[in-house]
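Data block for work06.pdb (PDB, C-alpha atoms, pLDDT in the B column):
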```pdb
ATOM      1  CA  MET A   5     109.809  94.876  82.671  1.00 53.00           C
ATOM      2  CA  ALA A   6     109.750  96.571  86.070  1.00 60.00           C
ATOM      3  CA  LYS A   7     113.117  97.594  87.468  1.00 84.00           C
ATOM      4  CA  TYR A   8     112.246  96.235  90.904  1.00 89.00           C
ATOM      5  CA  MET A   9     111.057  92.784  91.904  1.00 86.00           C
ATOM      6  CA  LEU A  10     109.883  91.385  95.223  1.00 89.00           C
ATOM      7  CA  VAL A  11     109.886  87.625  95.676  1.00 84.00           C
ATOM      8  CA  SER A  12     107.938  85.851  98.386  1.00 85.00           C
ATOM      9  CA  PHE A  13     104.750  83.927  99.056  1.00 86.00           C
ATOM     10  CA  LYS A  14     101.400  85.666  98.815  1.00 89.00           C
ATOM     11  CA  THR A  15     100.587  85.986 102.519  1.00 91.00           C
ATOM     12  CA  CYS A  16     104.057  86.923 103.794  1.00 92.00           C
ATOM     13  CA  PRO A  17     103.613  89.983 106.048  1.00 95.00           C
ATOM     14  CA  TRP A  18     107.282  90.975 105.921  1.00 94.00           C
ATOM     15  CA  VAL A  19     107.479  91.362 102.158  1.00 92.00           C
ATOM     16  CA  GLN A  20     104.080  93.031 102.250  1.00 96.00           C
ATOM     17  CA  ARG A  21     105.800  95.881 104.101  1.00 96.00           C
ATOM     18  CA  SER A  22     108.075  96.524 101.126  1.00 96.00           C
ATOM     19  CA  ALA A  23     105.216  96.256  98.653  1.00 96.00           C
ATOM     20  CA  ILE A  24     103.443  98.943 100.677  1.00 97.00           C
ATOM     21  CA  VAL A  25     106.462 101.234 100.415  1.00 98.00           C
ATOM     22  CA  PHE A  26     106.618 100.773  96.632  1.00 97.00           C
ATOM     23  CA  ARG A  27     102.944 101.702  96.374  1.00 97.00           C
ATOM     24  CA  GLU A  28     103.353 104.725  98.661  1.00 98.00           C
ATOM     25  CA  LYS A  29     106.118 105.932  96.356  1.00 97.00           C
ATOM     26  CA  ASN A  30     104.062 105.224  93.198  1.00 96.00           C
ATOM     27  CA  THR A  31     106.913 103.058  91.914  1.00 96.00           C
ATOM     28  CA  GLU A  32     106.290 100.159  89.558  1.00 94.00           C
ATOM     29  CA  PHE A  33     107.506  96.754  90.747  1.00 93.00           C
ATOM     30  CA  GLU A  34     106.972  93.100  89.966  1.00 89.00           C
ATOM     31  CA  PHE A  35     105.631  90.871  92.750  1.00 88.00           C
ATOM     32  CA  ARG A  36     106.701  87.300  92.009  1.00 85.00           C
ATOM     33  CA  HIS A  37     104.967  84.779  94.239  1.00 83.00           C
ATOM     34  CA  ILE A  38     106.322  81.395  95.260  1.00 78.00           C
ATOM     35  CA  GLU A  39     104.879  78.606  97.378  1.00 72.00           C
ATOM     36  CA  PRO A  40     106.125  78.662 101.005  1.00 67.00           C
ATOM     37  CA  ASP A  41     106.383  74.872 101.147  1.00 67.00           C
ATOM     38  CA  ASN A  42     107.976  74.504  97.712  1.00 65.00           C
ATOM     39  CA  ARG A  43     110.567  77.231  97.349  1.00 61.00           C
ATOM     40  CA  PRO A  44     112.520  77.102  94.075  1.00 58.00           C
ATOM     41  CA  ASP A  45     116.280  76.635  94.151  1.00 58.00           C
ATOM     42  CA  TRP A  46     116.876  80.136  92.821  1.00 53.00           C
ATOM     43  CA  PHE A  47     115.066  81.710  95.726  1.00 55.00           C
ATOM     44  CA  LEU A  48     117.594  83.085  98.208  1.00 46.00           C
ATOM     45  CA  ALA A  49     116.078  86.350  99.392  1.00 46.00           C
ATOM     46  CA  ILE A  50     113.809  89.202  98.458  1.00 45.00           C
ATOM     47  CA  SER A  51     115.150  90.335  95.098  1.00 48.00           C
ATOM     48  CA  ILE A  52     115.236  93.973  94.262  1.00 49.00           C
ATOM     49  CA  ASP A  53     116.571  95.683  91.133  1.00 54.00           C
ATOM     50  CA  ASP A  54     118.046  93.794  88.193  1.00 55.00           C
ATOM     51  CA  LYS A  55     121.604  93.951  89.548  1.00 66.00           C
ATOM     52  CA  ILE A  56     121.429  93.313  93.286  1.00 71.00           C
ATOM     53  CA  SER A  57     119.493  91.193  95.761  1.00 75.00           C
ATOM     54  CA  LEU A  58     118.564  92.405  99.232  1.00 78.00           C
ATOM     55  CA  PHE A  59     116.913  90.580 102.093  1.00 77.00           C
ATOM     56  CA  GLU A  60     115.146  91.743 105.277  1.00 86.00           C
ATOM     57  CA  SER A  61     112.201  94.011 104.538  1.00 90.00           C
ATOM     58  CA  ASN A  62     113.329  96.662 107.016  1.00 92.00           C
ATOM     59  CA  ALA A  63     116.646  97.073 105.176  1.00 91.00           C
ATOM     60  CA  ILE A  64     114.861  97.081 101.819  1.00 92.00           C
ATOM     61  CA  ASN A  65     112.500  99.797 103.001  1.00 95.00           C
ATOM     62  CA  GLU A  66     115.385 101.935 104.244  1.00 96.00           C
ATOM     63  CA  TYR A  67     117.076 101.521 100.853  1.00 94.00           C
ATOM     64  CA  LEU A  68     113.902 102.455  98.998  1.00 95.00           C
ATOM     65  CA  ASP A  69     113.406 105.497 101.187  1.00 97.00           C
ATOM     66  CA  GLU A  70     116.936 106.702 100.502  1.00 96.00           C
ATOM     67  CA  THR A  71     116.721 106.220  96.738  1.00 94.00           C
ATOM     68  CA  ILE A  72     113.112 106.914  95.707  1.00 96.00           C
ATOM     69  CA  ALA A  73     111.106 110.070  96.463  1.00 96.00           C
ATOM     70  CA  PRO A  74     109.099 111.022  98.376  1.00 96.00           C
ATOM     71  CA  ARG A  75     110.900 110.341 101.634  1.00 97.00           C
ATOM     72  CA  LEU A  76     108.703 108.614 104.200  1.00 98.00           C
ATOM     73  CA  HIS A  77     111.122 109.012 107.092  1.00 97.00           C
ATOM     74  CA  PRO A  78     110.907 112.306 109.032  1.00 96.00           C
ATOM     75  CA  ALA A  79     113.470 114.936 108.075  1.00 96.00           C
ATOM     76  CA  ASP A  80     114.393 115.653 111.696  1.00 96.00           C
ATOM     77  CA  PRO A  81     117.148 113.244 112.862  1.00 97.00           C
ATOM     78  CA  ILE A  82     115.638 112.787 116.345  1.00 96.00           C
ATOM     79  CA  GLU A  83     112.201 112.005 114.922  1.00 96.00           C
ATOM     80  CA  ARG A  84     113.825 109.691 112.407  1.00 97.00           C
ATOM     81  CA  ALA A  85     115.660 107.833 115.184  1.00 97.00           C
ATOM     82  CA  ILE A  86     112.406 107.455 117.139  1.00 96.00           C
ATOM     83  CA  ASN A  87     110.727 106.066 114.036  1.00 97.00           C
ATOM     84  CA  ARG A  88     113.539 103.569 113.481  1.00 97.00           C
ATOM     85  CA  ALA A  89     113.327 102.431 117.094  1.00 97.00           C
ATOM     86  CA  TRP A  90     109.619 101.691 116.701  1.00 98.00           C
ATOM     87  CA  THR A  91     110.239  99.890 113.429  1.00 97.00           C
ATOM     88  CA  ASP A  92     112.790  97.737 115.290  1.00 96.00           C
ATOM     89  CA  TYR A  93     110.033  96.828 117.761  1.00 98.00           C
ATOM     90  CA  VAL A  94     107.909  95.254 115.003  1.00 98.00           C
ATOM     91  CA  PRO A  95     109.250  91.670 115.371  1.00 97.00           C
ATOM     92  CA  THR A  96     108.355  91.671 119.085  1.00 98.00           C
ATOM     93  CA  PHE A  97     104.968  93.236 118.373  1.00 98.00           C
ATOM     94  CA  ALA A  98     104.213  90.838 115.527  1.00 98.00           C
ATOM     95  CA  GLY A  99     105.298  87.746 117.443  1.00 98.00           C
ATOM     96  CA  ILE A 100     102.980  88.473 120.357  1.00 98.00           C
ATOM     97  CA  VAL A 101     100.019  89.938 118.476  1.00 98.00           C
ATOM     98  CA  THR A 102      99.733  87.014 116.032  1.00 97.00           C
ATOM     99  CA  ALA A 103     100.796  84.195 118.380  1.00 98.00           C
ATOM    100  CA  THR A 104      97.229  82.889 118.723  1.00 98.00           C
ATOM    101  CA  ALA A 105      97.460  81.753 115.091  1.00 98.00           C
ATOM    102  CA  TYR A 106     100.138  79.222 116.061  1.00 97.00           C
ATOM    103  CA  ALA A 107      98.661  77.818 119.296  1.00 98.00           C
ATOM    104  CA  ASP A 108      98.094  74.056 119.258  1.00 97.00           C
ATOM    105  CA  THR A 109      95.669  73.927 122.189  1.00 97.00           C
ATOM    106  CA  GLU A 110      93.008  76.077 123.793  1.00 98.00           C
ATOM    107  CA  ALA A 111      95.271  76.653 126.799  1.00 98.00           C
ATOM    108  CA  GLU A 112      98.091  77.861 124.548  1.00 98.00           C
ATOM    109  CA  TYR A 113      95.650  80.068 122.647  1.00 98.00           C
ATOM    110  CA  ASN A 114      94.353  81.674 125.850  1.00 98.00           C
ATOM    111  CA  LYS A 115      97.879  82.220 127.119  1.00 98.00           C
ATOM    112  CA  ALA A 116      98.877  83.893 123.848  1.00 98.00           C
ATOM    113  CA  ALA A 117      95.740  86.056 123.814  1.00 98.00           C
ATOM    114  CA  ALA A 118      96.449  87.236 127.361  1.00 98.00           C
ATOM    115  CA  GLU A 119      99.835  88.626 126.242  1.00 98.00           C
ATOM    116  CA  ILE A 120      98.434  90.866 123.492  1.00 98.00           C
ATOM    117  CA  PRO A 121      97.704  93.885 125.743  1.00 98.00           C
ATOM    118  CA  VAL A 122     101.419  94.243 126.553  1.00 98.00           C
ATOM    119  CA  PRO A 123     102.576  95.372 123.079  1.00 98.00           C
ATOM    120  CA  PHE A 124      99.231  97.053 122.433  1.00 98.00           C
ATOM    121  CA  ASP A 125      99.680  99.242 125.513  1.00 98.00           C
ATOM    122  CA  ARG A 126     103.230 100.116 124.580  1.00 98.00           C
ATOM    123  CA  VAL A 127     102.270 101.214 121.071  1.00 98.00           C
ATOM    124  CA  GLU A 128      99.173 103.030 122.358  1.00 97.00           C
ATOM    125  CA  LYS A 129     101.389 105.178 124.583  1.00 96.00           C
ATOM    126  CA  ALA A 130     103.745 105.870 121.686  1.00 96.00           C
ATOM    127  CA  LEU A 131     100.836 106.984 119.515  1.00 96.00           C
ATOM    128  CA  GLU A 132      99.669 109.342 122.255  1.00 94.00           C
ATOM    129  CA  LYS A 133     103.076 111.048 122.168  1.00 91.00           C
ATOM    130  CA  GLN A 134     103.423 111.174 118.403  1.00 86.00           C
ATOM    131  CA  GLY A 135     100.463 113.348 117.450  1.00 80.00           C
ATOM    132  CA  SER A 136      96.790 113.367 116.614  1.00 87.00           C
ATOM    133  CA  GLY A 137      96.930 110.710 113.888  1.00 88.00           C
ATOM    134  CA  PRO A 138      95.661 109.129 111.798  1.00 96.00           C
ATOM    135  CA  PHE A 139      99.191 107.787 111.236  1.00 97.00           C
ATOM    136  CA  PHE A 140     102.124 107.171 113.532  1.00 97.00           C
ATOM    137  CA  ASN A 141     103.624 110.630 113.002  1.00 96.00           C
ATOM    138  CA  GLY A 142     100.282 112.395 112.703  1.00 95.00           C
ATOM    139  CA  ALA A 143      99.041 113.365 109.251  1.00 94.00           C
ATOM    140  CA  LYS A 144     102.131 112.183 107.316  1.00 95.00           C
ATOM    141  CA  TYR A 145     102.489 108.522 106.367  1.00 97.00           C
ATOM    142  CA  SER A 146     105.841 106.948 107.301  1.00 98.00           C
ATOM    143  CA  LEU A 147     107.879 103.743 107.216  1.00 98.00           C
ATOM    144  CA  VAL A 148     106.496 102.955 110.678  1.00 98.00           C
ATOM    145  CA  ASP A 149     102.993 102.801 109.221  1.00 98.00           C
ATOM    146  CA  ALA A 150     104.173 100.475 106.457  1.00 98.00           C
ATOM    147  CA  ALA A 151     105.966  98.293 109.001  1.00 98.00           C
ATOM    148  CA  TYR A 152     102.987  97.745 111.309  1.00 98.00           C
ATOM    149  CA  ALA A 153     100.177  97.592 108.743  1.00 98.00           C
ATOM    150  CA  PRO A 154     100.493  93.863 107.848  1.00 98.00           C
ATOM    151  CA  PHE A 155     100.481  92.769 111.489  1.00 98.00           C
ATOM    152  CA  LEU A 156      97.563  94.940 112.514  1.00 98.00           C
ATOM    153  CA  GLN A 157      95.790  93.525 109.464  1.00 98.00           C
ATOM    154  CA  ARG A 158      96.454  89.980 110.691  1.00 98.00           C
ATOM    155  CA  TYR A 159      95.210  90.822 114.172  1.00 98.00           C
ATOM    156  CA  TYR A 160      92.042  92.085 112.485  1.00 98.00           C
ATOM    157  CA  PHE A 161      91.709  88.798 110.601  1.00 97.00           C
ATOM    158  CA  LEU A 162      92.275  86.708 113.733  1.00 98.00           C
ATOM    159  CA  ASP A 163      89.770  88.811 115.656  1.00 98.00           C
ATOM    160  CA  ARG A 164      87.204  87.971 112.959  1.00 97.00           C
ATOM    161  CA  VAL A 165      87.913  84.245 113.214  1.00 97.00           C
ATOM    162  CA  LYS A 166      87.527  84.164 117.003  1.00 97.00           C
ATOM    163  CA  LYS A 167      86.870  87.378 118.896  1.00 97.00           C
ATOM    164  CA  LEU A 168      89.915  88.523 120.834  1.00 97.00           C
ATOM    165  CA  GLY A 169      88.382  91.824 121.917  1.00 96.00           C
ATOM    166  CA  GLN A 170      91.677  93.460 122.849  1.00 97.00           C
ATOM    167  CA  ILE A 171      92.184  96.387 120.498  1.00 98.00           C
ATOM    168  CA  GLU A 172      88.953  98.066 121.608  1.00 97.00           C
ATOM    169  CA  LYS A 173      90.727  98.867 124.890  1.00 97.00           C
ATOM    170  CA  PHE A 174      93.304 100.958 123.027  1.00 98.00           C
ATOM    171  CA  PRO A 175      91.476 103.704 121.083  1.00 97.00           C
ATOM    172  CA  ARG A 176      94.527 105.293 119.438  1.00 97.00           C
ATOM    173  CA  LEU A 177      95.813 101.940 118.270  1.00 98.00           C
ATOM    174  CA  LYS A 178      92.377 100.934 116.982  1.00 98.00           C
ATOM    175  CA  ALA A 179      92.066 104.192 115.031  1.00 97.00           C
ATOM    176  CA  TRP A 180      95.554 103.641 113.594  1.00 98.00           C
ATOM    177  CA  MET A 181      94.664 100.104 112.518  1.00 98.00           C
ATOM    178  CA  GLU A 182      91.479 101.316 110.839  1.00 98.00           C
ATOM    179  CA  ALA A 183      93.338 104.091 108.991  1.00 98.00           C
ATOM    180  CA  LEU A 184      95.920 101.618 107.713  1.00 98.00           C
ATOM    181  CA  LEU A 185      93.311  99.083 106.622  1.00 98.00           C
ATOM    182  CA  GLN A 186      91.484 101.805 104.691  1.00 98.00           C
ATOM    183  CA  ARG A 187      94.632 102.860 102.823  1.00 98.00           C
ATOM    184  CA  ASP A 188      94.983 101.413  99.337  1.00 97.00           C
ATOM    185  CA  SER A 189      98.729 100.845  99.681  1.00 98.00           C
ATOM    186  CA  THR A 190      98.195  98.265 102.435  1.00 98.00           C
ATOM    187  CA  HIS A 191      96.571  95.813 100.047  1.00 97.00           C
ATOM    188  CA  SER A 192      98.368  93.599  97.535  1.00 93.00           C
ATOM    189  CA  PHE A 193      95.059  91.841  96.836  1.00 94.00           C
ATOM    190  CA  PRO A 194      91.404  92.814  97.228  1.00 95.00           C
ATOM    191  CA  PRO A 195      90.748  92.739 101.005  1.00 95.00           C
ATOM    192  CA  ALA A 196      88.125  89.970 100.967  1.00 95.00           C
ATOM    193  CA  GLU A 197      90.284  87.810  98.684  1.00 96.00           C
ATOM    194  CA  PHE A 198      93.310  88.269 100.905  1.00 96.00           C
ATOM    195  CA  GLU A 199      91.371  87.491 104.077  1.00 96.00           C
ATOM    196  CA  ALA A 200      90.180  84.277 102.433  1.00 95.00           C
ATOM    197  CA  MET A 201      93.821  83.401 101.625  1.00 94.00           C
ATOM    198  CA  TYR A 202      94.816  84.069 105.213  1.00 95.00           C
ATOM    199  CA  ARG A 203      92.025  81.864 106.527  1.00 96.00           C
ATOM    200  CA  GLU A 204      93.045  79.097 104.149  1.00 94.00           C
ATOM    201  CA  GLY A 205      96.559  79.354 105.571  1.00 93.00           C
ATOM    202  CA  LEU A 206      95.158  78.926 109.069  1.00 95.00           C
ATOM    203  CA  ARG A 207      93.243  75.853 107.935  1.00 94.00           C
ATOM    204  CA  ARG A 208      96.371  74.409 106.342  1.00 92.00           C
ATOM    205  CA  ARG A 209      98.402  74.809 109.548  1.00 92.00           C
ATOM    206  CA  ASN A 210      95.558  73.138 111.449  1.00 94.00           C
ATOM    207  CA  LYS A 211      96.177  75.057 114.660  1.00 95.00           C
ATOM    208  CA  TRP A 212      93.546  75.348 117.407  1.00 97.00           C
ATOM    209  CA  VAL A 213      91.969  78.562 116.116  1.00 97.00           C
ATOM    210  CA  SER A 214      91.300  76.995 112.704  1.00 96.00           C
ATOM    211  CA  ARG A 215      88.286  75.157 114.102  1.00 96.00           C
ATOM    212  CA  PHE A 216      86.473  78.510 114.286  1.00 96.00           C
ATOM    213  CA  ILE A 217      86.868  79.341 110.607  1.00 93.00           C
ATOM    214  CA  GLU A 218      83.491  79.414 108.932  1.00 81.00           C
ATOM    215  CA  PRO A 219      82.885  77.933 105.485  1.00 69.00           C
ATOM    216  CA  ALA A 220      84.111  80.260 102.734  1.00 56.00           C
ATOM    217  CA  ARG A 221      80.622  81.410 101.687  1.00 46.00           C
ATOM    218  CA  ALA A 222      79.615  82.388 105.236  1.00 41.00           C
ATOM    219  CA  ALA A 223      82.910  84.144 105.898  1.00 41.00           C
ATOM    220  CA  ALA A 224      82.499  86.323 102.815  1.00 41.00           C
ATOM    221  CA  GLU A 225      79.024  87.538 103.716  1.00 41.00           C
TER     222      GLU A 225
END
```

Can I see the file as structure tokens?
Amino acid sequence: MAKYMLVSFKTCPWVQRSAIVFREKNTEFEFRHIEPDNRPDWFLAISIDDKISLFESNAINEYLDETIAPRLHPADPIERAINRAWTDYVPTFAGIVTATAYADTEAEYNKAAAEIPVPFDRVEKALEKQGSGPFFNGAKYSLVDAAYAPFLQRYYFLDRVKKLGQIEKFPRLKAWMEALLQRDSTHSFPPAEFEAMYREGLRRRNKWVSRFIEPARAAAE
């Protein structure tokens, strides 16, 4: 039995961040999936280790980085602080970038889509300062990459449901997204299978954008 266990539903982007860190560290873990609308009584938080339970993926990732090699945080304390600040920005980034998935009307969808360039521009400027890529700190993968990967992935999915056309205006951000999507650690499931799961989740929520989801066979082609 694996020493570590993550517990969440299959399409949760927050727990996906911790799964990415486990894979980057080549550390075995068990991923126990539950249904988001039927959570068992024993489920309190993301469980990790056989003795303790932790919640909040950011805290879990910090713990993993302190206890399992190789370190993904930069060694330099200033660079490490900068990385932590950008990881703290993820909830704001995620909330705006994926808000179109939760819009009930076309007007709400358009309003949400119009806000996407704000966080995109902010991260684009950060990437310009950080190095030549392909990752946030340049050539070395970090906790920042793990933190943003699930939400850039979901933007990619939403852009394929109904074209948003925003990320093309931010070349560094687009290149970062593509590098993360190409990295094996990003994926808990085969990419096409996971995209199908995400689309099914959109259908289930029955928000405005779900009307643009093609039948499963057409979407997979």

Hits of the PyMOL selection byres ((chain A and resi 140-146) around 12) in this structure, as a ChimeraX atom specification: /A:21,24-25,28-29,65-66,69,74-80,83-84,86-88,90-91,127-139,147-153,176-177,179-181,183-184,187,189-190

Give me, please, the distance in Å between CA of Arg126 (chain A) and CA of Ala98 (chain A), quoted to one decimal. 13.0 Å

Any chance you could work out the residue set of the PyMOL selection byres ((chain A and resi 197-206) around 12) here, as number ranges by chain? A: 13-17, 20, 39-41, 102, 104-108, 154, 157-166, 190-196, 207-225

Pairwise distance, CA of Ile100 (chain A) with CA of Ala23 (chain A), equals 23.2 Å

Point-to-point distance in Å for CA of Asp125 (chain A) and CA of Glu172 (chain A):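 Pair CA of Glu172 (chain A) / CA of Asp125 (chain A) returns 11.5 Å.
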
Emit a file covering region 189-202 of chain A of the preceding structure with N, CA and C atoms, as a PDB file, in the first residue's frame.
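Result went into result.pdb, see below:
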```pdb
ATOM      1  N   SER A 189       3.452  14.778 -16.091  1.00  0.00           N
ATOM      2  CA  SER A 189       3.007  14.917 -14.702  1.00  0.00           C
ATOM      3  C   SER A 189       1.686  15.657 -14.566  1.00  0.00           C
ATOM      4  N   THR A 190       1.326  16.460 -15.557  1.00  0.00           N
ATOM      5  CA  THR A 190       0.084  17.231 -15.495  1.00  0.00           C
ATOM      6  C   THR A 190      -1.132  16.315 -15.486  1.00  0.00           C
ATOM      7  N   HIS A 191      -1.013  15.133 -16.046  1.00  0.00           N
ATOM      8  CA  HIS A 191      -2.187  14.328 -16.370  1.00  0.00           C
ATOM      9  C   HIS A 191      -2.389  13.153 -15.422  1.00  0.00           C
ATOM     10  N   SER A 192      -3.532  13.162 -14.729  1.00  0.00           N
ATOM     11  CA  SER A 192      -3.937  12.023 -13.907  1.00  0.00           C
ATOM     12  C   SER A 192      -4.660  10.973 -14.738  1.00  0.00           C
ATOM     13  N   PHE A 193      -5.151  11.369 -15.892  1.00  0.00           N
ATOM     14  CA  PHE A 193      -5.855  10.492 -16.824  1.00  0.00           C
ATOM     15  C   PHE A 193      -5.347  10.794 -18.226  1.00  0.00           C
ATOM     16  N   PRO A 194      -5.554   9.884 -19.187  1.00  0.00           N
ATOM     17  CA  PRO A 194      -5.228  10.229 -20.565  1.00  0.00           C
ATOM     18  C   PRO A 194      -5.930  11.523 -20.958  1.00  0.00           C
ATOM     19  N   PRO A 195      -5.236  12.435 -21.659  1.00  0.00           N
ATOM     20  CA  PRO A 195      -5.803  13.767 -21.927  1.00  0.00           C
ATOM     21  C   PRO A 195      -7.192  13.757 -22.546  1.00  0.00           C
ATOM     22  N   ALA A 196      -7.429  12.930 -23.562  1.00  0.00           N
ATOM     23  CA  ALA A 196      -8.747  12.917 -24.200  1.00  0.00           C
ATOM     24  C   ALA A 196      -9.824  12.425 -23.241  1.00  0.00           C
ATOM     25  N   GLU A 197      -9.483  11.438 -22.415  1.00  0.00           N
ATOM     26  CA  GLU A 197     -10.442  10.914 -21.434  1.00  0.00           C
ATOM     27  C   GLU A 197     -10.784  11.989 -20.403  1.00  0.00           C
ATOM     28  N   PHE A 198      -9.768  12.717 -19.973  1.00  0.00           N
ATOM     29  CA  PHE A 198     -10.013  13.739 -18.956  1.00  0.00           C
ATOM     30  C   PHE A 198     -10.822  14.905 -19.528  1.00  0.00           C
ATOM     31  N   GLU A 199     -10.528  15.288 -20.766  1.00  0.00           N
ATOM     32  CA  GLU A 199     -11.315  16.356 -21.383  1.00  0.00           C
ATOM     33  C   GLU A 199     -12.779  15.942 -21.501  1.00  0.00           C
ATOM     34  N   ALA A 200     -13.017  14.685 -21.828  1.00  0.00           N
ATOM     35  CA  ALA A 200     -14.394  14.188 -21.902  1.00  0.00           C
ATOM     36  C   ALA A 200     -15.071  14.263 -20.538  1.00  0.00           C
ATOM     37  N   MET A 201     -14.335  13.943 -19.465  1.00  0.00           N
ATOM     38  CA  MET A 201     -14.876  14.052 -18.104  1.00  0.00           C
ATOM     39  C   MET A 201     -15.224  15.495 -17.776  1.00  0.00           C
ATOM     40  N   TYR A 202     -14.328  16.400 -18.167  1.00  0.00           N
ATOM     41  CA  TYR A 202     -14.564  17.816 -17.893  1.00  0.00           C
ATOM     42  C   TYR A 202     -15.809  18.301 -18.629  1.00  0.00           C
TER      43      TYR A 202
END
```
